[in-house]
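Quick notes on the structure that follows.
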Amino acid sequence: MRLDFKGIISWLIFVAVFGSVSITFAQERVYEFGPETANAGITTVLGTDVYSTSKGYGFEPGTNIVCWKGTSRKNGNCKSEKPFYFSVAVPEGNYRITIRFGDREIATSTVVKAELRRLMLESVATEPGKFESKSFIVNVRTPQISTGDEVKLKERERLSEQWAWDEKLTLEFNGKRPAVNSIKIEKIDVPTVFLLGDSTVCDQPGEQYASWGQMITRFFGDKVAVANHAESGESLKSSFGAKRLEKVVSLMKRGDYLLIQYGHNDMKEKGDGIGAFTSYKASLKQYVQVAKAKGASVILINPMHRRTFDPDGKTITNSHGDYPEAVRQAANEEKVPLIDLNAMSKDLYEALGKDGSGVLFKEGDGTHHSNFGAYELAKCIVQSIRDQKLSLAKFLVKGLPKFDAKKPDDPKNFVIPASPAVTDLKPLGS
């Protein structure tokens, strides 16, 4: 059974004739932390500035923030003993964030995540009296679609995952001694890398779950945005029904990218004509064709293995049936690149063995990953992009070391700190 793509095709015609809906926005906002006064066009932020919809910026409640005004306008800062969040109300779109880090008296070490725990910057360290600026891109989205419809959000998306869909851009400052001096937010027009997939791809809201989709942001520079539209429990069919593809297509422009990884949940669907080489492959190809029609470059990714070792504890067995091969065939037939995450994850899990590979997963879960596991899978994808010399490679951070899934990183050296948000709510799908 194929999905009904008539609505998407109609939408494409609508956009071609009438164009898309635009929202005006001041191109730049600057927030300086600590000073009592600021220059025109710059907003001063103090520790008492708690976010509200009327104010449109501020710290999220729950953390004691200390702000120092400094000896000059440019060396004050705000910091905390614990991770803290700062939010700014912005329209949907892509934003370049430039942050100045440092403290005039002590050394600082800051890790930055955005929205739902998307890793943006690993440790930015400064010595006492030294300051350093770093930039990255954050995508902000809402459920509304320009056709007047909207994405059919799950209850969990309205509750524990609300930061992925709300009206604000939220930054998490984490690390040993997080400190921020200033933040510049610029609305920009850059290529967007859209992600569609399931719980192994989506932005997981709380520890100790994570996905490669919220780790891969760290490996891209400040000339491209990553927009993660994956969601727990989704298959190609359910994602289409929830209008996730329609939402992505409504935002997509020529020069953008679409990375697609499904399979975990598709293989559980039953009925006449349902199968890897029938409904699944046909629908996957239709996703590809719709994105191509908007001028986007599509990359297919087949599902990573579950942690299913055979009795000898050395070899991963296939729990996905024909679905990984169906992705390979679809990529070949549609002439789009394939990232064989199924093969790379086998190498990764087997390199650590039955017992050692547990560090890649949420404890007691053989499907969903830990921060370390998600980070290693993101590295697999990045390396495949580089090995295939895909056009997307030009947006990767320069100087990344080569990664070999057969020789994974030592988990003891993984130092990305956990976020404050913790959940017992297991991701949908298995």
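The chains in the structure tokens are called A, B, ... from first to last as shown; in each chain the residues are counted from 1, and the ligands are counted from 1 in the order shown.
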Give me the residues within 8 Å of Gln261 of chain A as a ChimeraX atom specification, counting only C-alpha atoms and dropping any in the same chain fewer than 2 places off.
-> /A:196-198,201,259,263,300-303
Find the spatial neighbours of Glu60 of chain A, counting only C-alpha atoms, within a cut-off of 12 Å - ignore same-chain residues fewer than 2 positions away - and output them as a VMD selection string.
-> chain A and resid 47 to 53 56 to 58 62 to 65 83 to 88 163 168 to 173
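Of the listed residues (A:Ser250, A:Leu46, A:Leu284, A:Thr147), A:Leu46 comes nearest to Val180 of chain A; the distances count only C-alpha atoms.
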Pick from A:Gln329, A:Ser283, A:Thr317, A:Thr192 nearest to Ser345 of chain A, counting only C-alpha atoms = A:Thr317
Please give the complete set of residues from segment 110-315 of chain A that DSSP, run on the backbone, assigns to strand (DSSP E or B), formatted as a ChimeraX atom specification.
-> /A:110-114,118-126,131-140,144,150,168-177,179-180,182-188,192-197,207,210,220,225-228,257-261,297-301,309
